[in-house]
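See structure below.
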Amino acid sequence: MKKFSQITSLMTGVLLMSLFSGCTSVQMAPANARSNHFDTVSSHLDLGGEVYMYTDIEGDIDKVAAFADKALKQSGELPEDISDKIDMKKIVSSLGLSQVMAVGLSSFKKNNRYINKSFVSVEGKKKGLLTIAGDEPHKFELPEFAPNGVSIAFEEDINLKTFFEMMIEIIKDVPGSEEFDELMTKLNEPIAPGLFSTMDIIEKADTKIMIAVKMDKEKMITIPDEDFRVPYTDAVISIDNMGFIVPKLIEMVKDSGLFSIKEFDKYQSIHLVQEFPGDMSSYSPIMQRDKDTNRIYIATTPAFLSKCLGTDNKLSGDKSYQVAVADLPVNEGNALSYISPEFSGFVSSILKEALHNEKKLKFVSALIDEQLKDSNIPQASVLKVEKNGIYTASSSAYSHKLTFLALGYFNPVTLGILAAISIPSLF
């Protein structure tokens, strides 16, 4: 029975893919019957490729929330005094999901890669989950920050303070919130004597993060107390608005003898001088504050940080990067990510191995293998917050068909809405 259910789910996914990608002509609905949001969504998509999906969900999420409220109260699973306090429609509104009017996806193949696009149409001022990806789009810094030859690089606006405020709004109305004041008291306490509190960090956490990672497969190192070797990896993370933590940390560690503290006109740094054992001795972590921008950098070595802060040999000149972003709107946005062909192939091989080793996924592993057969290519994605929605575009080894297959296999009922809302927001 379970196997029959799995086959049925898989066939549902395949059928939906066929329906979305098999049109040979376009016939529009009459103007008076057309979805109010179709023109907005479709203007961001590519019609005629392997995948095209559009769905109008205006009001649907509120209806589902109202049904869930009714079902919860009628089920008797919770005491009446508790179930009466749970308002699913209010929770959905706080999450911002009531503002989602329509969603769309498209994919077409160009040479050995897919150009995937999605758009989530939003009505009114964004709130809740819809604000996490940032506000106004801006010029990307990543291409001139990450060094040439990196394995992974991404830049992303992330409004964690806004997310925290959303969660507080929800928690206050949920049973058990009598412990809310105690939670807030703990969050306002210093994490160590003389240091900052968790709330100090949250208050500054509407921020931008950049990460650059470079793996060297020619230089394998052994992890201490483990019997396996991994590629030597350098990394830098940059976080805006967090410079205030460096002076506090300097005060705490300046007399420990473990760190070198340096002050420059523009920079302030804490550098671990104690050497790690064995192969790990190549690492020499450093935290550096830019006094002008109040940004902090955390790096595996001062040398790799210098490469990121320098002006020579940048990602913008990397030929693989140029191929990956050739069909993407990289002039501005709120998130930009890049994966090198070597790392892309490495991740795909892990995914394929995991699928083949998992017996319950054997029905889809062959189809996913087919989707990932050209995975050794550079890949990139862009997210842009627009006034009336959230737009994503990616240059990838796979199309949205893979999304449909995975979601159709596990739960075909949620296929449309999850593919349209969850997947775009993960870029």
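Labels used: A, B, ... for chains in the order of the structure tokens, numbers from 1 for residues in each chain, and numbers from 1 for ligands as shown.
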
Could you pull out the alpha helix (DSSP H) residues of region 241-367 of chain A, going by DSSP on the backbone, and write them as an NGL selection string?
:A and (245-253 or 302-309 or 319-325 or 341-357 or 362-367)

If you measure from CA of Asn388 (chain A) to CA of Leu95 (chain A), what distance in Å do you get, rounded to one decimal?
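Computing it gives 17.0 Å between the two atoms.
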
Which neighbours of region 336-340 of chain A fall inside 8 Å, counting only C-alpha atoms, when residues of the same chain fewer than 3 positions from it are skipped, and could you give them as an mmCIF file with N, CA and C atoms, in the first residue's frame?
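Everything below was put into part-v5.cif:
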data_model
loop_
_atom_site.group_PDB
_atom_site.id
_atom_site.type_symbol
_atom_site.label_atom_id
_atom_site.label_comp_id
_atom_site.auth_asym_id
_atom_site.auth_seq_id
_atom_site.Cartn_x
_atom_site.Cartn_y
_atom_site.Cartn_z
ATOM 1 N N PHE A 140 24.905 45.284 -5.754
ATOM 2 C CA PHE A 140 25.585 44.208 -5.032
ATOM 3 C C PHE A 140 27.066 44.542 -4.822
ATOM 4 N N LEU A 142 29.097 41.947 -3.580
ATOM 5 C CA LEU A 142 29.763 40.646 -3.624
ATOM 6 C C LEU A 142 30.768 40.480 -4.762
ATOM 7 N N GLY A 149 37.918 32.724 -7.987
ATOM 8 C CA GLY A 149 38.170 31.317 -7.704
ATOM 9 C C GLY A 149 37.500 30.758 -6.476
ATOM 10 N N VAL A 150 36.595 31.524 -5.840
ATOM 11 C CA VAL A 150 35.921 30.998 -4.649
ATOM 12 C C VAL A 150 34.979 29.853 -5.031
ATOM 13 N N SER A 151 34.705 28.991 -4.055
ATOM 14 C CA SER A 151 33.792 27.858 -4.270
ATOM 15 C C SER A 151 32.349 28.284 -4.061
ATOM 16 N N ILE A 152 32.113 29.093 -3.045
ATOM 17 C CA ILE A 152 30.781 29.598 -2.723
ATOM 18 C C ILE A 152 30.905 31.066 -2.361
ATOM 19 N N ALA A 153 29.917 31.852 -2.780
ATOM 20 C CA ALA A 153 29.865 33.251 -2.365
ATOM 21 C C ALA A 153 28.411 33.685 -2.360
ATOM 22 N N PHE A 154 28.034 34.402 -1.335
ATOM 23 C CA PHE A 154 26.688 34.978 -1.382
ATOM 24 C C PHE A 154 26.608 36.251 -0.559
ATOM 25 N N GLU A 155 25.667 37.083 -0.956
ATOM 26 C CA GLU A 155 25.353 38.346 -0.297
ATOM 27 C C GLU A 155 23.851 38.346 -0.076
ATOM 28 N N GLU A 156 23.431 38.691 1.122
ATOM 29 C CA GLU A 156 21.997 38.629 1.403
ATOM 30 C C GLU A 156 21.585 39.635 2.464
ATOM 31 N N SER A 320 33.951 31.666 -14.672
ATOM 32 C CA SER A 320 32.824 30.814 -14.284
ATOM 33 C C SER A 320 31.677 31.653 -13.729
ATOM 34 N N TYR A 321 32.010 32.654 -12.943
ATOM 35 C CA TYR A 321 30.990 33.561 -12.412
ATOM 36 C C TYR A 321 30.305 34.311 -13.542
ATOM 37 N N ALA A 324 27.810 32.121 -15.155
ATOM 38 C CA ALA A 324 26.661 31.844 -14.291
ATOM 39 C C ALA A 324 25.661 32.994 -14.254
ATOM 40 N N VAL A 330 21.872 41.097 -12.390
ATOM 41 C CA VAL A 330 22.785 41.257 -11.250
ATOM 42 C C VAL A 330 23.182 42.714 -11.003
ATOM 43 N N GLY A 333 19.706 44.213 -6.324
ATOM 44 C CA GLY A 333 18.787 43.254 -5.723
ATOM 45 C C GLY A 333 19.001 43.187 -4.225
ATOM 46 N N PHE A 343 32.315 22.921 -6.903
ATOM 47 C CA PHE A 343 31.515 22.727 -5.701
ATOM 48 C C PHE A 343 30.110 22.255 -6.052
ATOM 49 N N SER A 344 29.582 22.732 -7.153
ATOM 50 C CA SER A 344 28.263 22.291 -7.611
ATOM 51 C C SER A 344 28.249 20.791 -7.863
ATOM 52 N N ILE A 377 28.462 22.616 -13.410
ATOM 53 C CA ILE A 377 28.462 23.926 -14.063
ATOM 54 C C ILE A 377 28.355 25.001 -12.981
ATOM 55 N N PRO A 378 28.853 26.197 -13.263
ATOM 56 C CA PRO A 378 28.685 27.276 -12.284
ATOM 57 C C PRO A 378 27.212 27.667 -12.188
ATOM 58 N N GLN A 379 26.750 27.974 -10.993
ATOM 59 C CA GLN A 379 25.345 28.308 -10.784
ATOM 60 C C GLN A 379 25.235 29.591 -9.973
ATOM 61 N N ALA A 380 24.153 30.323 -10.194
ATOM 62 C CA ALA A 380 23.954 31.590 -9.488
ATOM 63 C C ALA A 380 22.468 31.878 -9.354
ATOM 64 N N SER A 381 22.124 32.706 -8.385
ATOM 65 C CA SER A 381 20.735 33.130 -8.223
ATOM 66 C C SER A 381 20.678 34.552 -7.690
ATOM 67 N N VAL A 382 19.570 35.219 -7.986
ATOM 68 C CA VAL A 382 19.340 36.604 -7.562
ATOM 69 C C VAL A 382 17.945 36.697 -6.967
ATOM 70 N N LEU A 383 17.801 37.443 -5.889
ATOM 71 C CA LEU A 383 16.488 37.760 -5.332
ATOM 72 C C LEU A 383 16.356 39.271 -5.260
#

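Comparing the minimum interatomic distances between Tyr114 (chain A) and each of A:Gly345, A:Gly389, A:Pro30, A:Gly49, counting only C-alpha atoms, we find that A:Gly49 sits nearest.
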
Could you check which of A:Gly134, A:Gly310, A:Pro329, A:Gly243 is closest to Gln288 (chain A), using only C-alpha atoms?
A:Gly243
